[in-house]
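Colleague: work-v7.txt (compact mmCIF, C-alpha atoms (C1' of nucleotides)) pasted underneath:
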```
# COMPACT_ATOMS: atom_id res chain seq x y z
CA MET A 1 106.45 127.46 86.88
CA SER A 2 108.57 125.14 88.93
CA ARG A 3 107.01 123.80 92.04
CA LYS A 4 109.66 122.74 94.41
CA ASN A 5 112.65 124.77 93.40
CA ASN A 6 115.75 122.59 93.27
CA LYS A 7 114.13 119.46 94.68
CA GLU A 8 113.41 116.36 92.76
CA PHE A 9 110.15 116.25 90.87
CA THR A 10 108.71 115.12 87.58
CA SER A 11 106.99 117.51 85.26
CA ASP A 12 103.63 115.90 85.88
CA PRO A 13 104.05 113.33 88.59
CA LEU A 14 102.18 110.12 88.03
CA PRO A 15 99.87 109.41 90.88
CA LYS A 16 101.00 106.82 93.35
CA LEU A 17 99.21 103.67 92.36
CA GLY A 18 96.06 102.84 94.30
CA ILE A 19 94.82 99.39 95.04
CA THR A 20 92.58 98.97 91.99
CA PRO A 21 95.11 97.84 89.39
CA TYR A 22 96.40 95.24 91.80
CA LEU A 23 92.93 93.89 92.20
CA GLU A 24 92.62 93.66 88.44
CA LEU A 25 95.90 91.84 88.23
CA MET A 26 94.65 89.45 90.84
CA ASP A 27 91.50 88.79 88.89
CA GLN A 28 93.66 87.70 86.01
CA THR A 29 96.02 85.59 88.03
CA ALA A 30 94.28 84.22 91.11
CA PRO A 31 93.38 80.57 90.71
CA LYS A 32 89.81 80.14 91.88
CA GLU A 33 86.76 82.33 92.14
CA THR A 34 86.39 81.58 95.83
CA ASP A 35 89.96 82.57 96.57
CA ARG A 36 89.48 85.89 94.98
CA LYS A 37 87.21 87.38 97.56
CA SER A 38 89.47 86.56 100.45
CA ALA A 39 92.55 87.54 98.52
CA HIS A 40 90.90 90.85 97.86
CA LEU A 41 90.34 91.28 101.55
CA GLY A 42 93.88 90.25 102.42
CA LEU A 43 95.25 92.62 99.84
CA LEU A 44 93.33 95.43 101.46
CA MET A 45 95.04 94.57 104.70
CA VAL A 46 98.47 94.54 103.19
CA TRP A 47 97.66 97.82 101.56
CA LEU A 48 96.49 99.40 104.74
CA ARG A 49 99.52 98.22 106.57
CA ASP A 50 101.68 100.09 104.13
CA HIS A 51 100.08 103.37 104.99
CA VAL A 52 99.11 103.12 108.63
CA LEU A 53 102.55 103.27 110.15
CA ASP A 54 103.63 106.11 107.93
CA ALA A 55 100.83 108.14 109.38
CA MET A 56 101.92 107.24 112.89
CA ASP A 57 105.60 108.02 112.48
CA VAL A 58 104.81 111.29 110.76
CA GLU A 59 102.87 112.39 113.82
CA LEU A 60 105.45 111.15 116.29
CA SER A 61 108.50 112.58 114.53
CA PRO A 62 108.29 116.03 116.14
CA LEU A 63 108.88 114.28 119.45
CA GLY A 64 112.06 112.72 118.12
CA ILE A 65 110.92 109.15 118.54
CA THR A 66 109.58 106.39 116.34
CA GLU A 67 106.90 103.88 117.05
CA SER A 68 109.23 100.98 117.68
CA LYS A 69 111.24 102.91 120.24
CA LEU A 70 108.12 104.24 121.88
CA ASP A 71 106.98 100.67 122.08
CA LEU A 72 109.88 99.78 124.32
CA LEU A 73 109.18 102.78 126.53
CA LEU A 74 105.54 101.75 126.75
CA LEU A 75 106.61 98.32 127.89
CA LEU A 76 108.59 99.91 130.71
CA THR A 77 105.67 102.16 131.53
CA LEU A 78 103.28 99.25 131.62
CA HIS A 79 105.56 97.32 133.89
CA ASN A 80 104.24 97.58 137.41
CA GLY A 81 107.10 97.02 139.81
CA ARG A 82 107.76 93.43 140.90
CA GLU A 83 110.32 91.56 138.88
CA PRO A 84 112.78 93.93 137.30
CA VAL A 85 112.82 94.30 133.55
CA THR A 86 115.83 92.83 131.75
CA PRO A 87 116.95 93.22 128.15
CA SER A 88 116.05 89.56 127.60
CA SER A 89 112.51 90.01 128.78
CA LEU A 90 112.15 93.05 126.56
CA ALA A 91 113.42 91.06 123.61
CA ASP A 92 110.89 88.33 124.25
CA ARG A 93 108.03 90.73 124.64
CA LEU A 94 108.93 92.79 121.61
CA GLY A 95 109.59 89.68 119.60
CA ILE A 96 113.08 90.76 118.58
CA ARG A 97 116.62 89.61 119.37
CA ARG A 98 118.55 90.62 122.43
CA ALA A 99 121.19 92.24 120.25
CA SER A 100 118.50 94.45 118.79
CA VAL A 101 117.33 95.41 122.26
CA THR A 102 120.88 96.37 123.15
CA ALA A 103 120.88 98.78 120.22
CA LEU A 104 117.52 100.27 121.19
CA LEU A 105 118.62 100.68 124.79
CA ASP A 106 121.88 102.34 123.76
CA TRP A 107 119.89 104.83 121.76
CA LEU A 108 117.33 105.48 124.48
CA GLU A 109 119.95 105.64 127.22
CA LYS A 110 121.97 108.18 125.28
CA ARG A 111 118.90 110.41 125.39
CA LYS A 112 118.41 109.71 129.10
CA TRP A 113 115.00 108.10 128.62
CA VAL A 114 116.00 104.79 130.16
CA SER A 115 118.72 103.69 132.56
CA ARG A 116 120.58 100.45 133.03
CA GLU A 117 121.78 99.03 136.29
CA GLN A 118 123.60 95.80 136.96
CA SER A 119 121.68 93.32 139.07
CA GLU A 120 123.12 92.60 142.49
CA ARG A 121 121.71 89.11 142.69
CA ASP A 122 122.92 87.93 139.31
CA ARG A 123 125.67 90.07 137.98
CA ARG A 124 125.09 88.94 134.41
CA MET A 125 121.77 90.67 134.40
CA ILE A 126 120.83 94.26 133.75
CA HIS A 127 117.81 95.99 135.21
CA VAL A 128 116.26 98.45 132.82
CA SER A 129 114.07 101.28 133.96
CA ILE A 130 112.44 104.32 132.51
CA THR A 131 113.68 107.67 133.76
CA PRO A 132 111.47 110.61 134.76
CA GLU A 133 112.41 112.22 131.43
CA GLY A 134 111.32 109.04 129.72
CA ARG A 135 107.99 109.14 131.49
CA GLU A 136 107.57 112.73 130.46
CA LEU A 137 108.16 111.77 126.84
CA VAL A 138 105.64 108.97 127.04
CA HIS A 139 103.23 111.39 128.60
CA GLN A 140 103.60 113.66 125.58
CA ALA A 141 103.62 110.91 123.03
CA LEU A 142 100.56 109.00 124.11
CA PRO A 143 97.96 111.60 123.17
CA VAL A 144 99.59 111.85 119.76
CA PHE A 145 99.51 108.12 119.47
CA TRP A 146 95.86 107.82 120.41
CA SER A 147 94.69 110.69 118.34
CA THR A 148 96.48 109.33 115.30
CA CYS A 149 94.80 106.01 115.92
CA ALA A 150 91.49 107.74 116.28
CA SER A 151 91.89 109.88 113.20
CA LEU A 152 92.34 106.81 111.05
CA VAL A 153 88.76 105.84 111.67
CA SER A 154 87.16 109.13 112.50
CA ASP A 155 84.85 109.40 109.52
CA MET A 156 83.08 106.11 110.10
CA THR A 157 79.61 105.95 111.49
CA PRO A 158 79.24 104.39 114.93
CA GLU A 159 77.79 101.24 113.41
CA GLU A 160 80.66 100.97 111.00
CA GLN A 161 83.10 101.45 113.82
CA LYS A 162 81.43 98.70 115.73
CA ALA A 163 81.56 96.36 112.78
CA ALA A 164 85.16 97.34 112.13
CA GLU A 165 86.14 96.63 115.67
CA HIS A 166 84.57 93.22 115.57
CA ILE A 167 86.33 92.36 112.35
CA LEU A 168 89.70 93.70 113.32
CA ASN A 169 89.55 91.88 116.63
CA LYS A 170 88.90 88.72 114.79
CA LEU A 171 91.78 89.34 112.42
CA ASN A 172 94.03 90.20 115.29
CA GLU A 173 93.13 87.05 117.17
CA ARG A 174 93.89 85.01 114.13
CA ILE A 175 97.21 86.63 113.45
CA GLU A 176 98.30 86.49 117.05
CA LYS A 177 97.50 82.82 117.19
CA ARG A 178 99.45 82.26 114.03
CA LEU A 179 102.50 84.07 115.30
CA GLY A 180 102.24 82.69 118.81
CA VAL A 181 101.69 85.98 120.60
CA GLY A 182 100.69 85.76 124.26
CA ARG A 183 98.62 87.91 126.53
CA MET B 1 116.66 69.75 129.06
CA SER B 2 117.76 72.58 126.86
CA ARG B 3 115.47 73.46 124.07
CA LYS B 4 117.40 75.15 121.38
CA ASN B 5 120.93 74.02 121.95
CA ASN B 6 123.29 76.93 121.66
CA LYS B 7 120.72 79.44 120.46
CA GLU B 8 119.43 82.33 122.45
CA PHE B 9 116.48 81.69 124.71
CA THR B 10 115.19 82.50 128.14
CA SER B 11 114.40 79.83 130.63
CA ASP B 12 110.72 80.53 130.31
CA PRO B 13 110.29 83.11 127.64
CA LEU B 14 107.75 85.74 128.45
CA PRO B 15 105.06 85.78 125.85
CA LYS B 16 105.24 88.51 123.29
CA LEU B 17 102.83 91.14 124.49
CA GLY B 18 99.40 91.09 122.92
CA ILE B 19 97.23 94.10 122.40
CA THR B 20 95.37 93.98 125.70
CA PRO B 21 97.81 95.76 128.00
CA TYR B 22 98.11 98.56 125.50
CA LEU B 23 94.39 98.99 125.54
CA GLU B 24 94.47 99.19 129.31
CA LEU B 25 97.18 101.81 129.14
CA MET B 26 95.04 103.74 126.74
CA ASP B 27 92.11 103.59 129.08
CA GLN B 28 94.24 105.23 131.70
CA THR B 29 95.68 107.87 129.43
CA ALA B 30 93.25 108.70 126.65
CA PRO B 31 91.46 111.96 127.27
CA LYS B 32 87.81 111.37 126.46
CA GLU B 33 85.48 108.41 126.44
CA THR B 34 84.51 109.01 122.82
CA ASP B 35 88.13 109.04 121.73
CA ARG B 36 88.70 105.74 123.35
CA LYS B 37 86.57 103.68 121.05
CA SER B 38 88.16 105.00 117.93
CA ALA B 39 91.61 104.87 119.43
CA HIS B 40 90.95 101.26 120.23
CA LEU B 41 90.08 100.64 116.63
CA GLY B 42 93.07 102.54 115.34
CA LEU B 43 95.33 100.65 117.69
CA LEU B 44 94.03 97.42 116.28
CA MET B 45 95.04 98.63 112.86
CA VAL B 46 98.52 99.58 113.93
CA TRP B 47 98.79 96.23 115.60
CA LEU B 48 97.69 94.35 112.55
CA ARG B 49 100.06 96.25 110.40
CA ASP B 50 102.93 95.03 112.53
CA HIS B 51 102.13 91.45 111.80
CA VAL B 52 100.68 91.36 108.33
CA LEU B 53 103.83 92.06 106.39
CA ASP B 54 105.85 89.60 108.39
CA ALA B 55 103.48 86.90 107.27
CA MET B 56 103.85 87.99 103.68
CA ASP B 57 107.62 88.15 103.62
CA VAL B 58 107.91 84.81 105.34
CA GLU B 59 105.94 83.21 102.54
CA LEU B 60 107.78 85.04 99.80
CA SER B 61 111.28 84.42 101.13
CA PRO B 62 111.74 81.00 99.49
CA LEU B 63 111.45 82.80 96.16
CA GLY B 64 114.27 85.13 97.13
CA ILE B 65 112.24 88.30 96.96
CA THR B 66 110.53 90.64 99.37
CA GLU B 67 107.25 92.40 99.05
CA SER B 68 108.68 95.79 98.22
CA LYS B 69 110.79 94.42 95.40
CA LEU B 70 107.93 92.32 94.11
CA ASP B 71 105.90 95.51 94.13
CA LEU B 72 108.22 97.07 91.61
CA LEU B 73 108.01 93.99 89.41
CA LEU B 74 104.23 94.07 89.65
CA LEU B 75 104.27 97.66 88.48
CA LEU B 76 106.24 96.62 85.42
CA THR B 77 103.90 93.69 84.87
CA LEU B 78 100.86 95.91 85.14
CA HIS B 79 102.30 98.34 82.69
CA ASN B 80 100.69 97.74 79.33
CA GLY B 81 103.02 99.04 76.68
CA ARG B 82 102.62 102.71 75.60
CA GLU B 83 104.86 105.15 77.36
CA PRO B 84 108.02 103.45 78.56
CA VAL B 85 108.59 103.10 82.28
CA THR B 86 111.34 105.26 83.74
CA PRO B 87 112.94 105.20 87.18
CA SER B 88 111.24 108.52 87.89
CA SER B 89 107.80 107.20 87.12
CA LEU B 90 108.46 104.17 89.28
CA ALA B 91 109.54 106.42 92.11
CA ASP B 92 106.33 108.43 91.82
CA ARG B 93 104.14 105.39 91.73
CA LEU B 94 105.89 103.64 94.57
CA GLY B 95 105.98 106.83 96.57
CA ILE B 96 109.73 106.67 97.16
CA ARG B 97 112.77 108.65 95.97
CA ARG B 98 114.47 108.09 92.69
CA ALA B 99 117.69 107.22 94.47
CA SER B 100 115.84 104.41 96.20
CA VAL B 101 114.54 103.17 92.89
CA THR B 102 118.07 103.11 91.55
CA ALA B 103 119.03 100.81 94.39
CA LEU B 104 116.06 98.52 93.80
CA LEU B 105 116.78 98.38 90.10
CA ASP B 106 120.44 97.57 90.69
CA TRP B 107 119.38 94.67 92.84
CA LEU B 108 116.76 93.41 90.41
CA GLU B 109 118.99 93.89 87.40
CA LYS B 110 121.80 91.94 88.99
CA ARG B 111 119.38 89.03 89.19
CA LYS B 112 118.28 89.57 85.60
CA TRP B 113 114.68 90.28 86.51
CA VAL B 114 114.64 93.73 84.95
CA SER B 115 116.68 95.45 82.30
CA ARG B 116 117.63 99.06 81.71
CA GLU B 117 118.05 100.72 78.36
CA GLN B 118 118.92 104.31 77.62
CA SER B 119 116.20 106.23 75.82
CA GLU B 120 117.00 107.30 72.28
CA ARG B 121 114.79 110.35 72.38
CA ASP B 122 116.07 111.80 75.61
CA ARG B 123 119.41 110.37 76.55
CA ARG B 124 119.03 111.32 80.19
CA MET B 125 116.23 108.83 80.52
CA ILE B 126 116.28 105.12 81.16
CA HIS B 127 113.61 102.69 80.00
CA VAL B 128 113.03 99.93 82.47
CA SER B 129 111.45 96.64 81.53
CA ILE B 130 110.82 93.29 83.06
CA THR B 131 112.69 90.35 81.57
CA PRO B 132 111.18 86.95 80.76
CA GLU B 133 112.89 85.62 83.90
CA GLY B 134 111.25 88.44 85.82
CA ARG B 135 107.86 87.50 84.45
CA GLU B 136 108.49 83.93 85.43
CA LEU B 137 109.25 85.01 88.97
CA VAL B 138 106.11 87.09 89.15
CA HIS B 139 104.20 84.14 87.83
CA GLN B 140 105.49 82.04 90.72
CA ALA B 141 105.15 84.73 93.33
CA LEU B 142 101.59 85.80 92.66
CA PRO B 143 99.87 82.63 93.84
CA VAL B 144 101.93 82.83 97.02
CA PHE B 145 100.95 86.42 97.42
CA TRP B 146 97.27 85.78 96.94
CA SER B 147 97.12 82.73 99.08
CA THR B 148 98.88 84.54 101.89
CA CYS B 149 96.36 87.33 101.55
CA ALA B 150 93.57 84.81 101.59
CA SER B 151 94.91 82.89 104.55
CA LEU B 152 94.83 86.01 106.69
CA VAL B 153 91.07 86.00 106.56
CA SER B 154 90.30 82.38 105.86
CA ASP B 155 88.55 81.58 109.09
CA MET B 156 85.93 84.25 108.81
CA THR B 157 82.40 83.48 107.87
CA PRO B 158 81.18 84.82 104.54
CA GLU B 159 79.13 87.50 106.29
CA GLU B 160 82.11 88.56 108.31
CA GLN B 161 84.22 88.71 105.20
CA LYS B 162 81.65 90.87 103.56
CA ALA B 163 81.53 93.23 106.50
CA ALA B 164 85.29 93.25 106.69
CA GLU B 165 85.62 94.13 103.06
CA HIS B 166 83.22 97.01 103.42
CA ILE B 167 85.09 98.36 106.39
CA LEU B 168 88.54 97.92 104.99
CA ASN B 169 87.52 99.57 101.75
CA LYS B 170 86.29 102.49 103.72
CA LEU B 171 89.52 102.69 105.69
CA ASN B 172 91.53 102.40 102.55
CA GLU B 173 89.64 105.18 100.86
CA ARG B 174 90.20 107.40 103.81
CA ILE B 175 93.88 106.69 104.05
CA GLU B 176 94.46 107.06 100.32
CA LYS B 177 92.71 110.37 100.36
CA ARG B 178 94.80 111.50 103.26
CA LEU B 179 98.06 110.53 101.60
CA GLY B 180 97.02 111.74 98.17
CA VAL B 181 97.19 108.40 96.41
CA GLY B 182 95.75 108.26 92.91
CA ARG B 183 94.29 105.46 90.87
C1' DC C 1 123.89 131.01 69.35
C1' DG C 2 125.54 130.07 73.82
C1' DA C 3 125.02 130.64 78.79
C1' DA C 4 121.92 129.58 82.42
C1' DA C 5 118.40 126.86 84.25
C1' DG C 6 116.07 122.61 84.53
C1' DT C 7 115.75 117.52 84.60
C1' DA C 8 117.00 112.33 84.94
C1' DA C 9 119.62 109.22 86.89
C1' DT C 10 123.31 107.91 89.79
C1' DT C 11 126.64 108.11 93.60
C1' DA C 12 128.01 108.86 98.25
C1' DG C 13 126.87 108.67 102.69
C1' DA C 14 123.46 108.32 106.35
C1' DT C 15 119.54 106.26 109.28
C1' DT C 16 116.35 102.82 111.25
C1' DA C 17 115.36 98.43 112.44
C1' DT C 18 116.44 94.30 112.17
C1' DC C 19 119.42 89.89 111.89
C1' DT C 20 123.40 86.10 113.03
C1' DA C 21 127.64 84.74 115.02
C1' DA C 22 131.16 85.34 118.07
C1' DC C 23 132.65 86.95 122.52
C1' DT C 24 132.85 88.01 127.75
C1' DA C 25 131.63 87.30 132.12
C1' DA C 26 128.95 85.18 135.51
C1' DA C 27 126.16 81.24 137.40
C1' DA C 28 124.77 76.57 137.64
C1' DT C 29 125.66 71.80 137.25
C1' DC C 30 127.82 67.50 137.61
C1' DG D 1 136.61 72.54 139.84
C1' DA D 2 135.72 71.84 134.91
C1' DT D 3 131.98 72.13 131.77
C1' DT D 4 127.82 73.99 130.30
C1' DT D 5 124.43 77.40 130.24
C1' DT D 6 122.94 81.95 130.37
C1' DA D 7 122.89 87.35 129.89
C1' DG D 8 124.40 90.84 127.63
C1' DT D 9 127.32 93.04 124.23
C1' DT D 10 130.09 93.58 120.06
C1' DA D 11 131.03 93.06 115.31
C1' DG D 12 129.38 92.86 111.03
C1' DA D 13 125.51 92.22 107.83
C1' DT D 14 121.05 93.35 105.28
C1' DA D 15 116.84 95.81 103.69
C1' DA D 16 114.60 99.80 102.73
C1' DT D 17 114.61 103.96 102.92
C1' DC D 18 116.46 109.07 103.07
C1' DT D 19 119.24 113.70 101.57
C1' DA D 20 122.77 116.08 99.13
C1' DA D 21 125.97 116.24 95.59
C1' DT D 22 127.35 114.97 90.94
C1' DT D 23 127.07 113.93 85.98
C1' DA D 24 125.22 114.31 81.78
C1' DC D 25 121.79 115.86 79.04
C1' DT D 26 117.96 119.18 77.32
C1' DT D 27 115.44 123.33 77.25
C1' DT D 28 114.97 128.07 77.50
C1' DC D 29 115.93 132.72 76.83
C1' DG D 30 118.64 136.93 76.36
```
If you convert what's in this file into structure tokens, what do you get?

Modeller:
Amino acid sequence: MSRKNNKEFTSDPLPKLGITPYLELMDQTAPKETDRKSAHLGLLMVWLRDHVLDAMDVELSPLGITESKLDLLLLLTLHNGREPVTPSSLADRLGIRRASVTALLDWLEKRKWVSREQSERDRRMIHVSITPEGRELVHQALPVFWSTCASLVSDMTPEEQKAAEHILNKLNERIEKRLGVGR
Amino acid sequence: MSRKNNKEFTSDPLPKLGITPYLELMDQTAPKETDRKSAHLGLLMVWLRDHVLDAMDVELSPLGITESKLDLLLLLTLHNGREPVTPSSLADRLGIRRASVTALLDWLEKRKWVSREQSERDRRMIHVSITPEGRELVHQALPVFWSTCASLVSDMTPEEQKAAEHILNKLNERIEKRLGVGR
DNA sequence: CGAAAGTAATTAGATTATCTAACTAAAATC
DNA sequence: GATTTTAGTTAGATAATCTAATTACTTTCG
């Protein structure tokens, strides 16, 4: 009769709450009629956000990496020669603090996916690069990444996908402007 | 000449990377043409997710609460009498472990926003309820919540909003189904 | 009945991803 | 050459989670 042996469970687990009750709550508490529609839309976004990354990290976990760490590796992959990459530049581009980058690099370096080298020109600086093993990991992770992305929208019709893309682009533009994100 | 006094900054901070270079990377690495369009769309979602919650927590922070904690309070607010709310049921509905709920409740209880009471019928169980102060907080937080939601989409035309809502609902449905979320 | 099994909540200890503030060492400026 | 600025790291914190073990009840079943 028991389902999960010694693991935690309730006799008849309540379903995780969907978005509907929240919308009802909003109807009772949102100030104006006009606000409601856009709040509804915004709520959908917040809701989606909650679930989208879960899906991504679940797919990536067999590779032993999370999205935020993969992100740093992607940055190194995207970097085409020229100016070397420094922890500071990574921090700027990821929008996090240098101290946080140090932690990420420690983790990635321990696994031999990136390497650090002191700059000759300015000995305060560190040049960060991705190792061949790191590239290999990225090579494995990308298809997972893309197919997870794709699967999120796979049951939409082409027209819906087109509409969705237009809308999401617009949203993205808006949010990037708001947060001051560059190219 | 210095901009931020003793704070951390780079002489000319590289812009935080937008979505475009990632899309280019995908073009180089995604297997098939057909996958690309949907991957593009999915990537937009992942991207949005990254930024949406930031916006929300920034707005909520003056109230001294974060979205995930507010979520628990909303659950208690939504609860209309009947069966008492237990930590287990909260865990199920929030989709997290009971141990995590314990931590959230400790935090909320310390601030007098919720209270715990041992059940008479089954003395293993705890009944959780929101205090008047908790209700007051929710009362203040909700307008912030809704207006942040609304502001995310405020510069769309009505038609765009309509299209967006349709699309996001569809996405939401899909994701809820996938994760087994109930009403 | 009373022992064994099941359940609810908590505790202890860990992880991930962040943060701020203080520190070290090097470079630039005046 | 002393001061200031910068790059990176360290130290220590927080939030939101997790798993495993523990405690205290309740239920079940021989």

Colleague: Find the residues of chain A that sit at most 7 Å from chain C; for each, write down the nearest two atoms and how far apart they are in Å, to one decimal. Count all atoms listed in the file. Sort by chain, then by number going up, and give it as JSON lines.

Modeller:
```
{"residue": "A:Ser100", "atom": "CA", "partner": "C:DT18", "partner_atom": "C1'", "distance": 6.9}
{"residue": "A:Arg123", "atom": "CA", "partner": "C:DA26", "partner_atom": "C1'", "distance": 6.4}
{"residue": "A:Arg124", "atom": "CA", "partner": "C:DA26", "partner_atom": "C1'", "distance": 5.5}
```

Colleague: With only C-alpha atoms as the basis for distance, which of A:His139, A:Arg116, A:Lys37, A:Arg93 is at the shortest distance from chain B?

Modeller: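 For chain B, the nearest of the given residues is A:Arg93.
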
Colleague: Pick out the closest residue to chain A from this set: B:Leu73, B:Cys149, B:Leu105, B:Ala141. Count all atoms listed in the file.

Modeller: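 Smallest separation from chain A among the options: B:Cys149.
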
Colleague: What is the atom CA of B:Pro84 to atom CA of B:Val128 distance in Å?

Modeller: 7.3 Å

Colleague: Can you work out the spacing between atom CA of B:Gln140 and atom CA of B:Leu152 in Å, to one decimal?

Modeller: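 These atoms are spaced 19.6 Å apart.
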
Colleague: Hey, list the chain A side of the contact with chain D: 9 Å cut-off, only C-alpha atoms (C1' of nucleotides), answer as a list in words.

Modeller: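 That gives the following set of residues: Pro87, Ser88, Arg98, Ala99, Thr102, Arg123, Arg124, Met125 and Ile126 of chain A.
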